[in-house]
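Okay, run_2.csv is below, CSV, C-alpha atoms:
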chain,number,residue,atom,x,y,z
A,182,MET,CA,21.1,27.8,-14.0
A,183,THR,CA,19.3,25.6,-16.4
A,184,SER,CA,19.7,21.8,-16.3
A,185,GLN,CA,21.5,22.0,-19.7
A,186,GLU,CA,24.0,24.6,-18.4
A,187,ALA,CA,24.6,22.6,-15.3
A,188,SER,CA,25.2,19.3,-17.1
A,189,SER,CA,27.4,20.9,-19.8
A,190,ARG,CA,30.2,21.8,-17.4
A,191,LYS,CA,31.5,20.4,-14.1
A,192,LEU,CA,30.0,22.2,-11.2
A,193,ASN,CA,32.4,23.9,-8.7
A,194,PHE,CA,31.5,23.5,-5.0
A,195,VAL,CA,33.7,25.2,-2.3
A,196,LEU,CA,33.9,23.4,1.0
A,197,TYR,CA,35.3,25.1,4.2
A,198,SER,CA,35.9,23.3,7.4
A,199,ASP,CA,38.9,23.1,9.7
A,200,ASP,CA,38.0,19.5,10.5
A,201,SER,CA,39.3,17.0,8.0
A,202,THR,CA,36.7,14.5,9.0
A,203,THR,CA,33.9,16.9,8.3
A,204,ARG,CA,35.4,17.6,4.9
A,205,ALA,CA,35.8,13.9,4.2
A,206,ALA,CA,32.1,13.3,5.3
A,207,VAL,CA,30.8,16.0,2.9
A,208,THR,CA,33.0,14.9,0.0
A,209,SER,CA,31.9,11.2,0.5
A,210,ALA,CA,28.2,12.2,0.9
A,211,LEU,CA,28.2,14.2,-2.3
A,212,GLY,CA,30.2,11.7,-4.4
A,213,LYS,CA,30.7,12.8,-8.0
A,214,ARG,CA,27.1,13.8,-8.9
A,215,VAL,CA,24.2,14.8,-6.6
A,216,SER,CA,21.6,14.5,-9.3
A,217,PRO,CA,21.5,13.1,-12.8
A,218,GLU,CA,20.4,16.3,-14.4
A,219,LEU,CA,23.0,18.4,-12.7
A,220,GLY,CA,26.0,16.5,-14.0
A,221,ASP,CA,29.4,16.0,-12.3
A,222,HIS,CA,30.9,18.3,-9.7
A,223,GLU,CA,34.2,19.1,-8.2
A,224,ILE,CA,34.8,20.0,-4.6
A,225,ARG,CA,37.5,22.4,-3.6
A,226,GLU,CA,38.4,22.0,0.0
A,227,PHE,CA,39.7,24.7,2.4
A,228,ALA,CA,40.8,24.3,6.0
A,229,THR,CA,41.2,28.0,6.7
A,230,ALA,CA,39.0,31.0,6.0
A,231,ASP,CA,42.0,32.9,4.7
A,232,ALA,CA,42.7,30.3,2.0
A,233,LEU,CA,39.0,30.3,1.0
A,234,ARG,CA,39.1,34.1,0.6
A,235,LEU,CA,42.2,34.0,-1.5
A,236,TYR,CA,40.5,31.4,-3.8
A,237,VAL,CA,37.3,33.5,-4.0
A,238,ASP,CA,39.4,36.6,-4.9
A,239,SER,CA,41.2,34.6,-7.6
A,240,VAL,CA,38.0,33.6,-9.4
A,241,LYS,CA,37.4,36.3,-12.1
A,242,PRO,CA,33.9,37.2,-13.4
A,243,GLY,CA,33.1,35.2,-16.5
A,244,SER,CA,35.5,32.4,-15.4
A,245,ASP,CA,35.1,29.0,-17.0
A,246,ARG,CA,35.2,27.6,-13.4
A,247,PRO,CA,32.6,29.7,-11.6
A,248,ILE,CA,31.7,28.9,-8.0
A,249,ASP,CA,28.3,27.3,-7.9
A,250,LEU,CA,27.9,26.7,-4.2
A,251,PHE,CA,29.6,27.3,-0.8
A,252,ILE,CA,29.4,24.6,1.8
A,253,LEU,CA,30.6,26.1,5.1
A,254,ASP,CA,31.1,24.5,8.5
A,255,GLY,CA,29.4,26.6,11.1
A,256,GLU,CA,31.5,24.9,13.8
A,257,ALA,CA,34.9,25.7,12.2
A,258,THR,CA,37.5,27.3,14.3
A,259,PRO,CA,39.0,29.8,14.8
A,260,GLU,CA,36.7,31.4,12.2
A,261,GLY,CA,33.2,29.9,12.0
A,262,GLY,CA,31.4,29.3,8.7
A,263,MET,CA,28.5,31.6,9.8
A,264,GLY,CA,30.7,34.7,9.9
A,265,VAL,CA,32.4,33.6,6.7
A,266,ALA,CA,29.0,33.2,5.1
A,267,ARG,CA,27.8,36.6,6.1
A,268,GLN,CA,31.1,38.2,4.8
A,269,LEU,CA,30.7,36.4,1.5
A,270,LYS,CA,27.1,37.6,1.2
A,271,ASP,CA,28.2,41.2,2.0
A,272,GLU,CA,31.2,41.3,-0.2
A,273,VAL,CA,30.7,39.0,-3.2
A,274,PHE,CA,28.6,40.4,-6.0
A,275,ASN,CA,25.9,37.9,-7.0
A,276,CYS,CA,27.2,35.5,-4.3
A,277,PRO,CA,26.4,31.9,-5.0
A,278,PRO,CA,24.2,30.1,-2.5
A,279,VAL,CA,25.6,29.1,0.8
A,280,LEU,CA,24.9,25.9,2.7
A,281,LEU,CA,25.8,25.9,6.4
A,282,ILE,CA,26.5,22.8,8.4
A,283,VAL,CA,25.4,23.6,12.0
A,284,ALA,CA,25.7,21.8,15.3
A,285,ARG,CA,21.9,21.6,16.1
A,286,LYS,CA,18.7,22.1,14.3
A,287,GLU,CA,18.0,25.0,16.7
A,288,ASP,CA,21.0,26.9,15.2
A,289,GLY,CA,18.9,27.5,12.0
A,290,TRP,CA,18.3,31.1,13.2
A,291,LEU,CA,22.1,31.7,13.1
A,292,ALA,CA,22.2,30.3,9.6
A,293,ALA,CA,19.4,32.8,8.7
A,294,TRP,CA,21.4,35.6,10.3
A,295,SER,CA,24.4,34.7,8.1
A,296,ARG,CA,22.1,34.8,5.1
A,297,ALA,CA,22.8,31.2,4.1
A,298,GLU,CA,20.1,29.8,1.8
A,299,ALA,CA,20.0,26.5,3.7
A,300,SER,CA,21.5,24.5,6.6
A,301,VAL,CA,22.0,20.9,7.6
A,302,THR,CA,23.1,19.5,10.9
A,303,HIS,CA,26.2,17.6,12.1
A,304,PRO,CA,26.7,14.8,11.7
A,305,VAL,CA,26.2,15.0,8.0
A,306,ASP,CA,23.4,12.8,6.7
A,307,PRO,CA,24.4,11.9,3.1
A,308,PHE,CA,20.9,11.9,1.7
A,309,THR,CA,19.8,15.2,3.3
A,310,LEU,CA,23.1,16.8,2.2
A,311,ALA,CA,22.8,15.6,-1.4
A,312,GLN,CA,19.2,16.6,-1.7
A,313,THR,CA,19.8,20.0,-0.2
A,314,VAL,CA,22.8,20.7,-2.5
A,315,ALA,CA,20.8,19.6,-5.6
A,316,THR,CA,17.9,21.9,-4.6
A,317,LEU,CA,20.2,24.9,-4.1
A,318,VAL,CA,22.0,24.3,-7.4
A,319,ARG,CA,18.8,23.8,-9.3
A,320,ASN,CA,17.3,27.0,-7.8
A,321,ASN,CA,20.4,29.1,-8.5
A,322,SER,CA,19.9,30.7,-11.9
A,323,VAL,CA,22.1,33.9,-11.5
A,324,ALA,CA,24.6,33.7,-8.7
A,325,THR,CA,27.8,32.2,-9.8
A,326,ILE,CA,31.2,33.9,-9.6

Can I see the file as C-alpha cells?
Amino acid sequence: MTSQEASSRKLNFVLYSDDSTTRAAVTSALGKRVSPELGDHEIREFATADALRLYVDSVKPGSDRPIDLFILDGEATPEGGMGVARQLKDEVFNCPPVLLIVARKEDGWLAAWSRAEASVTHPVDPFTLAQTVATLVRNNSVATI
C-alpha cells in the first residue's frame, strides 16, 4: 500500500481479544493515527473468534472497507489468537498482516508458527505497538481483503 493510498481512506484494523482490558489498552495505544503518512484508522473489536470469522466472511473482495491488519491476542480464551492467526493465513486469500500479542518474548516462536508477521508482548507498550503497526501497514502493499 502506498502512503497516498493509506492516507486517502481510513484504515481498517481488526482486533480480537476476549479481555476487554486488552482491547482497551490496544485501542488507547493506537489512538486515531499511528503515523502521519498513514492517515486515520478505525479499530473493529471482537471478543470471540466466531464473531471475527463472521466479519471476515462478510468483507467482500474489492470492498471499500478492506481489512488492513489483524491484531490478535495470543492469550485469548477459549480460542487463542495464534490458532486464529494460522487459520486466517490458511483460509484467507491475500491475508492481511497479523500482529500477535503474546505473553512472553520467548513465545515469539509460537507467533512464527502461526505465520504472524510480528508480535509484541503483554502488557502492551503503546510506543512499541504503534511502531510495529505502522511498519506492518507500510510494508503491506498487496494483502487487504

Using only C-alpha atoms, which residues of range 239-307 of chain A come within 12 Å of range 206-220 of chain A, and what is the closest atom pair for each, with the distance in Å to one decimal? Give it as CSV, sorted by chain and residue number.
residue,atom,partner,partner_atom,distance
A:Asp249,CA,A:Leu219,CA,11.4
A:Phe251,CA,A:Val207,CA,12.0
A:Ile252,CA,A:Val207,CA,8.8
A:Leu253,CA,A:Val207,CA,10.3
A:Asp254,CA,A:Val207,CA,10.2
A:Leu280,CA,A:Val207,CA,11.5
A:Leu281,CA,A:Val207,CA,11.6
A:Ile282,CA,A:Val207,CA,9.7
A:Val301,CA,A:Val207,CA,11.1
A:Thr302,CA,A:Val207,CA,11.6
A:His303,CA,A:Ala206,CA,10.0
A:Pro304,CA,A:Ala206,CA,8.5
A:Val305,CA,A:Ala206,CA,6.7
A:Asp306,CA,A:Ala210,CA,7.6
A:Pro307,CA,A:Ala210,CA,4.4

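Here CA of Thr203 in chain A stands at a distance of 24.8 Å from CA of Asn321 in chain A.
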
Inset, instruction - Calculate how many Å separate CA of Tyr197 in chain A from CA of Gly243 in chain A, rounding to one decimal. - result: 23.1 Å

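If you measure from each of A:Leu235, A:Val195, A:Ala228, A:Leu291 to Ala257 in chain A using only C-alpha atoms, the closest one turns out to be A:Ala228.
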
Inset, instruction - Just give me the gap between CA of Lys270 in chain A and CA of Arg296 in chain A in Å, one decimal is fine. - result: 6.9 Å

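Minimum atom-to-atom distances from A:Arg234, A:Lys241, A:Arg267, A:His222 to Arg190 in chain A were compared using only C-alpha atoms, and the lowest value belongs to A:His222.
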
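Taking only C-alpha atoms into account, Leu192 in chain A lies nearest to A:Ala315 out of the set A:Ala315, A:Gly255, A:Leu233, A:Phe308.
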
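Nearest residue to Gly262 in chain A, choosing from A:Ser198, A:Thr309, A:Ser300, A:Ser239 and counting all atoms listed in the file: A:Ser198.
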
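Minimum atom-to-atom distance to Leu269 in chain A, evaluated using only C-alpha atoms, belongs to A:Asp238 out of A:Asp238, A:Asp221, A:Asp200, A:Glu226.
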
Inset, instruction - Identify which of the residues A:Met263, A:Ala232, A:Ala311, A:Leu250 lies closest to Ala293 in chain A, counting all atoms listed in the file when measuring atom-to-atom distances. - result: A:Met263
